[in-house]
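Everything below belongs to upload_35.cif, which stores mmCIF, C-alpha atoms and all ligand atoms.
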```cif
data_work
loop_
_atom_site.label_atom_id
_atom_site.label_comp_id
_atom_site.auth_asym_id
_atom_site.auth_seq_id
_atom_site.Cartn_x
_atom_site.Cartn_y
_atom_site.Cartn_z
CA VAL A 1 110.43 58.40 102.13
CA ASP A 2 114.09 59.29 102.20
CA GLY A 3 114.25 62.95 101.24
CA SER A 4 117.94 62.95 100.37
CA LEU A 5 118.62 66.35 98.75
CA GLU A 6 121.93 65.43 97.19
CA GLU A 7 124.33 62.52 97.50
CA SER A 8 126.79 64.56 99.55
CA TRP A 9 124.21 66.44 101.62
CA ASN A 10 124.76 66.14 105.36
CA GLY A 11 122.90 69.18 106.61
CA TYR A 12 119.87 67.40 108.07
CA VAL A 13 118.61 68.04 111.56
CA ASN A 14 118.48 64.95 113.77
CA ASP A 15 115.12 64.36 115.44
CA ASP A 16 116.88 64.28 118.81
CA ASP A 17 118.59 67.67 118.32
CA ARG A 18 117.48 70.27 120.85
CA ALA A 19 117.96 74.03 121.16
CA LEU A 20 118.73 75.50 124.60
CA LEU A 21 116.29 78.31 125.37
CA LYS A 22 118.07 80.18 128.15
CA VAL A 23 121.77 80.77 128.07
CA ILE A 24 122.25 82.72 131.30
CA LYS A 25 122.53 81.07 134.70
CA PHE A 26 121.42 83.73 137.16
CA ALA A 27 123.26 83.64 140.50
CA SER A 28 120.54 85.47 142.35
CA PRO A 29 116.94 86.56 141.90
CA THR A 30 118.19 90.15 142.13
CA SER A 31 120.46 89.84 139.07
CA ALA A 32 119.31 92.09 136.26
CA GLY A 33 116.63 90.34 134.23
CA ALA A 34 116.68 87.27 136.48
CA GLU A 35 114.01 84.70 135.82
CA CYS A 36 114.32 82.30 138.74
CA ILE A 37 111.95 79.49 139.38
CA ASP A 38 112.98 78.99 143.02
CA PRO A 39 114.71 81.16 145.67
CA ASP A 40 118.12 79.50 145.02
CA CYS A 41 117.94 80.38 141.36
CA SER A 42 118.85 76.78 140.58
CA TRP A 43 119.72 76.08 137.00
CA VAL A 44 116.81 74.65 135.08
CA GLU A 45 117.60 73.71 131.53
CA GLN A 46 114.87 74.43 129.05
CA TRP A 47 115.09 72.83 125.64
CA VAL A 48 112.95 72.76 122.57
CA HIS A 49 113.07 70.59 119.46
CA ARG A 50 115.35 72.00 116.83
CA ALA A 51 113.69 73.05 113.59
CA GLY A 52 115.16 72.29 110.19
CA PRO A 53 115.25 69.81 107.32
CA ARG A 54 114.72 66.14 108.18
CA LYS A 55 116.08 63.28 106.14
CA GLN A 56 112.95 61.21 106.61
CA ILE A 57 109.96 62.92 105.03
CA TYR A 58 106.37 61.83 104.55
CA PHE A 59 105.54 62.87 101.00
CA GLU A 60 107.09 61.67 97.76
CA PRO A 61 108.32 65.05 96.41
CA GLN A 62 107.72 64.26 92.72
CA CYS A 63 104.04 63.59 93.44
CA VAL A 64 103.43 66.60 95.66
CA LYS A 65 101.38 69.65 94.80
CA ALA A 66 102.22 72.49 97.19
CA GLY A 67 100.35 75.77 97.61
CA ILE A 68 101.43 79.06 99.17
CA VAL A 69 99.05 81.75 100.41
CA THR A 70 99.71 85.12 102.10
CA CYS A 71 96.89 86.47 104.29
CA GLY A 72 96.14 89.48 106.48
CA ARG A 73 98.15 92.64 105.97
CA LEU A 74 101.52 93.30 104.46
CA CYS A 75 104.77 92.80 106.27
CA PRO A 76 108.25 93.36 104.82
CA GLY A 77 109.85 90.05 103.89
CA LEU A 78 106.76 88.22 102.59
CA ASN A 79 108.35 87.86 99.15
CA ASP A 80 111.58 86.55 100.66
CA VAL A 81 109.58 83.86 102.45
CA ILE A 82 107.58 82.91 99.32
CA ARG A 83 110.84 82.72 97.35
CA GLN A 84 112.63 80.61 99.94
CA ILE A 85 109.72 78.16 100.27
CA VAL A 86 109.75 77.66 96.48
CA LEU A 87 113.54 77.25 96.31
CA THR A 88 113.56 74.79 99.21
CA LEU A 89 110.63 72.74 97.88
CA GLU A 90 112.42 72.49 94.54
CA LYS A 91 115.58 71.34 96.30
CA TYR A 92 113.56 68.50 97.73
CA GLY A 93 112.32 67.66 94.24
CA VAL A 94 108.83 69.19 94.39
CA LYS A 95 107.85 70.32 90.90
CA ASN A 96 104.24 71.35 91.24
CA ILE A 97 104.09 74.56 93.29
CA VAL A 98 101.33 77.15 93.04
CA GLY A 99 100.52 80.48 94.64
CA ILE A 100 96.98 81.28 95.80
CA GLN A 101 96.17 84.92 95.09
CA HIS A 102 94.98 87.46 97.64
CA GLY A 103 94.86 85.35 100.77
CA PHE A 104 92.06 82.90 101.52
CA ARG A 105 89.94 84.80 98.99
CA GLY A 106 91.93 83.11 96.19
CA PHE A 107 90.36 79.80 97.19
CA PHE A 108 86.82 80.79 96.41
CA GLU A 109 86.87 83.74 93.99
CA ASP A 110 86.91 82.28 90.50
CA HIS A 111 88.72 85.14 88.79
CA LEU A 112 91.75 84.68 91.09
CA ALA A 113 93.66 81.98 89.24
CA GLU A 114 96.45 79.84 90.71
CA VAL A 115 99.92 81.22 89.96
CA PRO A 116 102.44 78.54 88.93
CA LEU A 117 105.65 79.07 90.91
CA ASN A 118 109.20 77.93 90.25
CA ARG A 119 112.71 79.21 90.86
CA HIS A 120 112.62 81.39 87.73
CA VAL A 121 109.32 83.03 88.61
CA VAL A 122 110.42 83.87 92.16
CA GLN A 123 114.06 84.68 91.40
CA ASN A 124 113.77 88.45 91.92
CA ILE A 125 110.56 88.87 93.90
CA ASN A 126 112.53 89.57 97.09
CA LEU A 127 113.68 92.84 95.52
CA ALA A 128 110.13 94.21 95.55
CA GLY A 129 107.94 95.11 98.51
CA GLY A 130 104.47 93.80 99.30
CA SER A 131 103.35 90.29 98.49
CA PHE A 132 103.89 88.83 95.03
CA LEU A 133 100.69 86.85 95.56
CA GLY A 134 98.62 89.69 97.03
CA VAL A 135 96.94 89.66 100.45
CA SER A 136 93.43 90.14 101.83
CA ARG A 137 91.56 90.38 105.11
CA GLY A 138 88.01 89.54 106.02
CA GLY A 139 85.64 86.60 106.02
CA ALA A 140 86.34 83.18 104.62
CA SER A 141 84.36 79.94 104.74
CA ILE A 142 86.56 77.12 105.96
CA SER A 143 84.50 74.44 104.26
CA ASP A 144 84.70 76.32 100.91
CA ILE A 145 88.47 76.60 101.34
CA VAL A 146 88.82 72.88 102.01
CA ASP A 147 86.53 72.06 99.06
CA SER A 148 88.92 74.14 96.96
CA ILE A 149 92.00 72.42 98.44
CA GLN A 150 90.46 69.08 97.46
CA ALA A 151 89.52 70.26 93.98
CA ARG A 152 93.04 71.57 93.39
CA ARG A 153 94.54 68.35 94.82
CA LEU A 154 96.89 70.20 97.14
CA ASP A 155 99.05 68.00 99.40
CA MET A 156 100.56 70.83 101.37
CA LEU A 157 99.60 74.42 102.00
CA PHE A 158 101.97 77.03 103.38
CA VAL A 159 99.93 79.74 105.09
CA LEU A 160 101.73 83.03 105.81
CA GLY A 161 99.92 85.36 108.16
CA GLY A 162 99.16 86.56 111.66
CA ASN A 163 96.75 85.57 114.44
CA GLY A 164 93.62 85.46 112.29
CA THR A 165 95.38 83.58 109.54
CA HIS A 166 96.63 80.96 111.99
CA ALA A 167 93.16 80.56 113.48
CA GLY A 168 92.06 79.99 109.87
CA ALA A 169 94.93 77.57 109.20
CA ASP A 170 94.05 75.63 112.34
CA ALA A 171 90.40 75.44 111.27
CA ILE A 172 91.45 74.29 107.77
CA HIS A 173 93.64 71.60 109.36
CA GLY A 174 90.70 70.51 111.55
CA GLU A 175 88.39 70.28 108.53
CA CYS A 176 91.02 68.31 106.54
CA ARG A 177 91.31 65.85 109.43
CA LYS A 178 87.55 65.55 109.63
CA ARG A 179 87.47 64.70 105.94
CA LYS A 180 90.47 62.37 106.40
CA LEU A 181 92.51 64.28 103.81
CA LYS A 182 96.27 63.82 103.86
CA VAL A 183 97.02 67.52 103.54
CA SER A 184 99.74 69.29 105.52
CA ILE A 185 98.90 72.80 106.64
CA ILE A 186 102.04 74.73 107.54
CA GLY A 187 101.70 78.04 109.39
CA VAL A 188 104.41 80.65 108.87
CA PRO A 189 103.99 83.35 111.54
CA LYS A 190 104.06 86.87 110.17
CA THR A 191 104.19 89.90 112.41
CA ILE A 192 106.12 93.07 111.94
CA ASP A 193 105.91 93.54 115.73
CA ASN A 194 108.34 90.74 116.69
CA ASP A 195 106.10 89.71 119.58
CA ILE A 196 106.26 85.94 119.26
CA LEU A 197 107.79 84.02 122.13
CA LEU A 198 110.78 81.77 121.51
CA MET A 199 111.53 83.32 118.13
CA ASP A 200 114.81 85.18 117.71
CA LYS A 201 113.22 87.66 115.35
CA THR A 202 110.15 87.73 113.13
CA PHE A 203 110.62 88.74 109.50
CA GLY A 204 109.84 92.37 108.73
CA PHE A 205 110.85 93.60 112.17
CA ASP A 206 114.35 94.79 111.17
CA THR A 207 112.95 96.64 108.16
CA ALA A 208 110.39 98.40 110.37
CA VAL A 209 113.07 99.47 112.85
CA GLU A 210 115.27 100.67 110.01
CA ALA A 211 112.44 102.59 108.31
CA ALA A 212 111.61 104.25 111.65
CA GLN A 213 115.10 105.77 111.75
CA ARG A 214 114.24 108.18 108.96
CA ALA A 215 111.20 109.49 110.84
CA ILE A 216 113.16 109.72 114.11
CA ASN A 217 116.08 111.54 112.46
CA SER A 218 113.75 114.04 110.81
CA ALA A 219 111.91 114.65 114.08
CA TYR A 220 115.25 115.06 115.84
CA ILE A 221 116.44 117.67 113.34
CA GLU A 222 113.16 119.58 113.62
CA ALA A 223 113.13 119.46 117.42
CA HIS A 224 116.81 120.34 117.75
CA SER A 225 116.56 123.31 115.40
CA ALA A 226 113.34 124.79 116.76
CA PHE A 227 113.30 126.90 119.91
CA HIS A 228 112.13 124.53 122.68
CA GLY A 229 111.25 122.04 119.99
CA ILE A 230 109.52 118.77 120.84
CA GLY A 231 109.64 115.94 118.31
CA LEU A 232 107.01 113.24 118.50
CA VAL A 233 107.17 110.04 116.46
CA LYS A 234 104.38 107.45 116.60
CA LEU A 235 105.31 103.97 115.45
CA MET A 236 103.51 100.67 114.88
CA GLY A 237 102.79 98.50 117.88
CA ARG A 238 99.20 97.83 118.83
CA SER A 239 100.07 95.85 121.94
CA SER A 240 103.80 95.52 121.68
CA GLY A 241 106.62 98.02 121.98
CA PHE A 242 109.50 96.15 120.35
CA ILE A 243 109.61 98.33 117.21
CA THR A 244 109.44 101.55 119.25
CA MET A 245 111.99 100.36 121.81
CA HIS A 246 114.51 99.06 119.26
CA ALA A 247 114.06 102.11 117.01
CA SER A 248 114.58 104.42 120.00
CA LEU A 249 117.62 102.57 121.28
CA SER A 250 119.28 102.28 117.90
CA SER A 251 118.69 105.95 117.08
CA GLY A 252 120.34 107.13 120.30
CA GLN A 253 118.45 110.46 120.05
CA VAL A 254 115.17 109.58 121.77
CA ASP A 255 114.57 111.04 125.25
CA ILE A 256 111.20 109.49 126.05
CA CYS A 257 110.03 106.11 124.78
CA LEU A 258 106.45 105.04 125.53
CA ILE A 259 105.28 101.47 124.91
CA PRO A 260 102.09 99.53 125.72
CA GLU A 261 103.83 97.09 128.06
CA VAL A 262 105.02 99.80 130.48
CA PRO A 263 102.34 101.94 132.13
CA PHE A 264 103.18 105.63 132.57
CA THR A 265 101.62 108.72 134.06
CA LEU A 266 101.38 111.93 132.09
CA ASP A 267 100.77 114.42 134.88
CA GLY A 268 102.24 114.72 138.37
CA PRO A 269 105.81 114.88 139.71
CA ASN A 270 106.88 111.60 138.05
CA GLY A 271 104.85 112.14 134.92
CA VAL A 272 106.03 112.34 131.33
CA LEU A 273 105.11 116.04 131.12
CA ARG A 274 107.27 116.97 134.10
CA HIS A 275 110.21 115.16 132.54
CA LEU A 276 109.56 116.92 129.26
CA GLU A 277 109.69 120.24 131.07
CA HIS A 278 113.00 119.22 132.62
CA LEU A 279 114.41 118.29 129.19
CA ILE A 280 113.36 121.63 127.73
CA GLU A 281 114.94 123.45 130.69
CA THR A 282 118.20 121.50 130.55
CA LYS A 283 118.85 120.68 126.89
CA GLY A 284 116.41 122.98 125.15
CA PHE A 285 114.54 120.37 123.14
CA ALA A 286 113.17 116.83 123.43
CA LEU A 287 112.34 113.85 121.25
CA MET A 288 109.59 111.34 122.08
CA CYS A 289 108.87 108.03 120.41
CA VAL A 290 105.56 106.34 121.14
CA ALA A 291 104.03 103.02 120.11
CA GLU A 292 100.53 103.16 118.65
CA GLY A 293 99.05 101.15 121.53
CA ALA A 294 100.75 103.02 124.39
CA GLY A 295 98.69 105.00 126.92
CA GLN A 296 95.31 103.90 125.58
CA GLU A 297 93.97 104.23 129.13
CA TYR A 298 94.14 108.02 128.74
CA LEU A 299 91.99 108.02 125.63
CA GLN A 300 88.33 107.62 124.88
CA LYS A 301 87.60 104.02 123.88
CA SER A 302 85.94 103.31 120.59
CA ASN A 303 83.77 100.24 120.05
CA ALA A 304 84.69 100.07 116.38
CA THR A 305 86.64 97.09 115.04
CA ASP A 306 88.72 96.75 111.87
CA ALA A 307 88.44 94.10 109.13
CA SER A 308 90.45 91.69 111.28
CA GLY A 309 88.21 92.20 114.33
CA ASN A 310 90.81 94.26 116.23
CA MET A 311 89.54 97.13 118.31
CA VAL A 312 90.26 100.44 116.56
CA LEU A 313 92.73 102.31 118.77
CA SER A 314 92.42 105.94 119.72
CA ASP A 315 95.24 108.20 118.58
CA ILE A 316 97.86 108.55 121.31
CA GLY A 317 99.93 110.74 118.97
CA VAL A 318 97.27 113.46 118.71
CA HIS A 319 96.60 113.26 122.44
CA LEU A 320 100.27 113.73 123.30
CA GLN A 321 100.57 116.53 120.78
CA GLN A 322 97.76 118.38 122.54
CA LYS A 323 99.25 117.70 125.98
CA VAL A 324 102.78 118.85 125.11
CA GLY A 325 101.54 122.01 123.37
CA PRO A 326 102.15 124.31 126.36
CA TYR A 327 105.75 123.07 126.84
CA HIS A 328 107.24 124.55 123.71
N1 LIG B 401 89.06 82.83 113.85
C1 LIG B 401 89.23 82.65 112.53
N2 LIG B 401 88.88 81.48 111.95
C2 LIG B 401 89.04 81.30 110.63
N3 LIG B 401 89.59 82.19 109.79
C3 LIG B 401 89.96 83.37 110.29
C4 LIG B 401 89.81 83.67 111.68
N4 LIG B 401 90.25 84.92 111.91
C5 LIG B 401 90.67 85.38 110.70
N5 LIG B 401 90.51 84.45 109.75
C6 LIG B 401 90.86 84.61 108.33
O1 LIG B 401 92.26 84.83 108.20
C7 LIG B 401 92.54 85.83 107.22
C8 LIG B 401 93.51 86.84 107.75
O2 LIG B 401 93.08 87.28 109.01
P1 LIG B 401 93.31 88.76 109.53
O3 LIG B 401 92.76 88.78 110.93
O4 LIG B 401 92.78 89.75 108.56
O5 LIG B 401 94.89 88.97 109.55
P2 LIG B 401 96.06 88.40 110.48
O6 LIG B 401 96.35 87.01 110.07
O7 LIG B 401 97.20 89.33 110.19
O8 LIG B 401 95.58 88.50 111.92
C9 LIG B 401 91.20 86.43 106.80
O9 LIG B 401 90.91 86.02 105.50
C10 LIG B 401 90.20 85.86 107.79
O10 LIG B 401 88.98 85.51 107.16
O1 LIG B 402 96.85 100.37 110.80
P1 LIG B 402 96.69 98.88 110.83
O2 LIG B 402 96.46 98.27 109.51
O3 LIG B 402 95.68 98.45 111.87
O4 LIG B 402 98.10 98.30 111.28
C1 LIG B 402 98.80 98.73 112.41
C2 LIG B 402 99.04 97.65 113.37
O5 LIG B 402 99.56 96.45 112.81
C3 LIG B 402 100.41 95.82 113.75
O6 LIG B 402 101.76 96.07 113.47
C4 LIG B 402 100.25 94.33 113.79
O7 LIG B 402 100.42 93.81 112.48
P2 LIG B 402 101.08 92.38 112.17
O8 LIG B 402 101.29 91.69 113.50
O9 LIG B 402 100.06 91.72 111.30
O10 LIG B 402 102.36 92.64 111.45
C5 LIG B 402 100.13 96.54 115.03
O11 LIG B 402 101.03 96.40 116.04
C6 LIG B 402 99.99 97.92 114.51
O12 LIG B 402 99.63 98.81 115.46
#
```
Take the structure I supplied and represent it as structure tokens, if you would.
Ligand SMILES: Nc1ncnc2c1ncn2[C@@H]1O[C@H](COP(=O)(O)OP(=O)(O)O)[C@@H](O)[C@H]1O
Ligand SMILES: O=P(O)(O)OC[C@H]1O[C@](O)(COP(=O)(O)O)[C@@H](O)[C@@H]1O
Amino acid sequence: VDGSLEESWNGYVNDDDRALLKVIKFASPTSAGAECIDPDCSWVEQWVHRAGPRKQIYFEPQCVKAGIVTCGRLCPGLNDVIRQIVLTLEKYGVKNIVGIQHGFRGFFEDHLAEVPLNRHVVQNINLAGGSFLGVSRGGASISDIVDSIQARRLDMLFVLGGNGTHAGADAIHGECRKRKLKVSIIGVPKTIDNDILLMDKTFGFDTAVEAAQRAINSAYIEAHSAFHGIGLVKLMGRSSGFITMHASLSSGQVDICLIPEVPFTLDGPNGVLRHLEHLIETKGFALMCVAEGAGQEYLQKSNATDASGNMVLSDIGVHLQQKVGPYH
């Protein structure tokens, strides 16, 4: 159908629109950050389809029932996303919008009722943290979820979550196809870590970097004031160092930044501890910022897994604290 938002609306994305992925033409493979496919560094354009509202849409908005569910753990911005989905669906003319409470659990736990959503209900939810709908982790039966989708007569389901959630969304989509249901499953990637390729920035990332500043500033003040003080701040980042790197760079106070992507040695002439010694000798104090997943190779591995099946990491913060003890 023609999804015309308003008579005068001309903000649709054309199906042939493309977004250019790389904007630098490197002259040589030795240019900083060069990603060259061949020795001449010839210019290879890389394009992707442009996302955004299309004029031609499949569903008749007035007849649609849309659901929204937030799964996994919290991430700043979830309420902004819920709110914007509701506002945008309403703009298209969708009137029947519901929230599913506490992740996939809301599909099969009877006491978790559907939450009717509209622009009035969601108007201020972006001012609060957490998820307006609640979240959950842990097991879910795909066939029970799809039974529930059928019983509720959902036409589209917006699924906000991380890796596990998207594996779930994909399985739900597969089951809907198997049952020949005309249900759209839309995945909205959620990670505070900002480690998704091709995305400018994932929601929640900026808030995490900003919140880290308070910890870094406090550690800086402590380290700077103490005699031979060493500040150590451990930040989120199981396998990605974007939060730690951006927080360190934007603070301007961090001397040593350790992230999972860049291996480092602790001991020896080029080790972190030698550099720490040098900092203490030259400036009298030092500030370190470390991502949760950095340096795991120096720690005893645990076989335990969390509710999402992730391996429980050993604590690099405590390990570093013990190692730096003699330096201050
Ligand atoms: N491989 C999978 N197949 C189907 N559902 C899954 C899968 N992995 C996780 N899920 C479901 O997705 C939800 C969220 O997953 P979880 O791993 O806790 O968080 P995240 O989405 O942040 O990785 C849980 O309810 C879980 O049951
Ligand atoms: O202590 P928890 O609950 O395991 O969470 C910490 C971890 O969550 C993560 O930020 C990933 O979470 P999301 O990708 O779901 O936002 C890791 O990088 C981090 O180390």
Within-8 Å residues of ligand LIG 401 (chain B), basis only C-alpha atoms and all ligand atoms, as a PDB file with C-alpha atoms, in the coordinates of the input:
```pdb
ATOM      1  CA  CYS A  71      96.890  86.470 104.290  1.00  0.00           C
ATOM      2  CA  GLY A  72      96.140  89.480 106.480  1.00  0.00           C
ATOM      3  CA  ARG A  73      98.150  92.640 105.970  1.00  0.00           C
ATOM      4  CA  GLY A 103      94.860  85.350 100.770  1.00  0.00           C
ATOM      5  CA  PHE A 104      92.060  82.900 101.520  1.00  0.00           C
ATOM      6  CA  ARG A 105      89.940  84.800  98.990  1.00  0.00           C
ATOM      7  CA  SER A 136      93.430  90.140 101.830  1.00  0.00           C
ATOM      8  CA  ARG A 137      91.560  90.380 105.110  1.00  0.00           C
ATOM      9  CA  GLY A 138      88.010  89.540 106.020  1.00  0.00           C
ATOM     10  CA  GLY A 139      85.640  86.600 106.020  1.00  0.00           C
ATOM     11  CA  ALA A 140      86.340  83.180 104.620  1.00  0.00           C
ATOM     12  CA  SER A 141      84.360  79.940 104.740  1.00  0.00           C
ATOM     13  CA  ILE A 142      86.560  77.120 105.960  1.00  0.00           C
ATOM     14  CA  LEU A 160     101.730  83.030 105.810  1.00  0.00           C
ATOM     15  CA  GLY A 161      99.920  85.360 108.160  1.00  0.00           C
ATOM     16  CA  GLY A 162      99.160  86.560 111.660  1.00  0.00           C
ATOM     17  CA  ASN A 163      96.750  85.570 114.440  1.00  0.00           C
ATOM     18  CA  GLY A 164      93.620  85.460 112.290  1.00  0.00           C
ATOM     19  CA  THR A 165      95.380  83.580 109.540  1.00  0.00           C
ATOM     20  CA  HIS A 166      96.630  80.960 111.990  1.00  0.00           C
ATOM     21  CA  ALA A 167      93.160  80.560 113.480  1.00  0.00           C
ATOM     22  CA  GLY A 168      92.060  79.990 109.870  1.00  0.00           C
ATOM     23  CA  ALA A 169      94.930  77.570 109.200  1.00  0.00           C
ATOM     24  CA  ASP A 170      94.050  75.630 112.340  1.00  0.00           C
ATOM     25  CA  ALA A 171      90.400  75.440 111.270  1.00  0.00           C
ATOM     26  CA  ILE A 172      91.450  74.290 107.770  1.00  0.00           C
ATOM     27  CA  LYS A 190     104.060  86.870 110.170  1.00  0.00           C
ATOM     28  CA  THR A 191     104.190  89.900 112.410  1.00  0.00           C
ATOM     29  CA  ALA A 307      88.440  94.100 109.130  1.00  0.00           C
ATOM     30  CA  SER A 308      90.450  91.690 111.280  1.00  0.00           C
ATOM     31  CA  GLY A 309      88.210  92.200 114.330  1.00  0.00           C
ATOM     32  CA  ASN A 310      90.810  94.260 116.230  1.00  0.00           C
TER      33      ASN A 310
END
```
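Here atom CA of A:Cys289 stands at a distance of 6.6 Å from atom CA of A:Val254.
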* Structure fact -> For A:Phe242, the closest of A:Val98, A:Ile259, A:Leu117, A:Ala212 counting only C-alpha atoms is A:Ile259
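Taking atom CA of A:Ile149 and atom CA of A:Phe107 as the two end points, the separation is 7.7 Å.
Nearest residue to A:Asn14, choosing from A:Arg50, A:Cys63, A:Leu287, A:Ser31 and counting only C-alpha atoms: A:Arg50.
The smallest atom-to-atom distance between A:Val146 and any of A:Asp38, A:Glu175, A:Glu292, A:Asp255, using only C-alpha atoms, is found for A:Glu175.
Across A:Glu109, A:Glu45, A:Asp193, A:Glu114, the tightest approach to ligand LIG 402 (chain B) is made by A:Asp193 when counting only C-alpha atoms and all ligand atoms.
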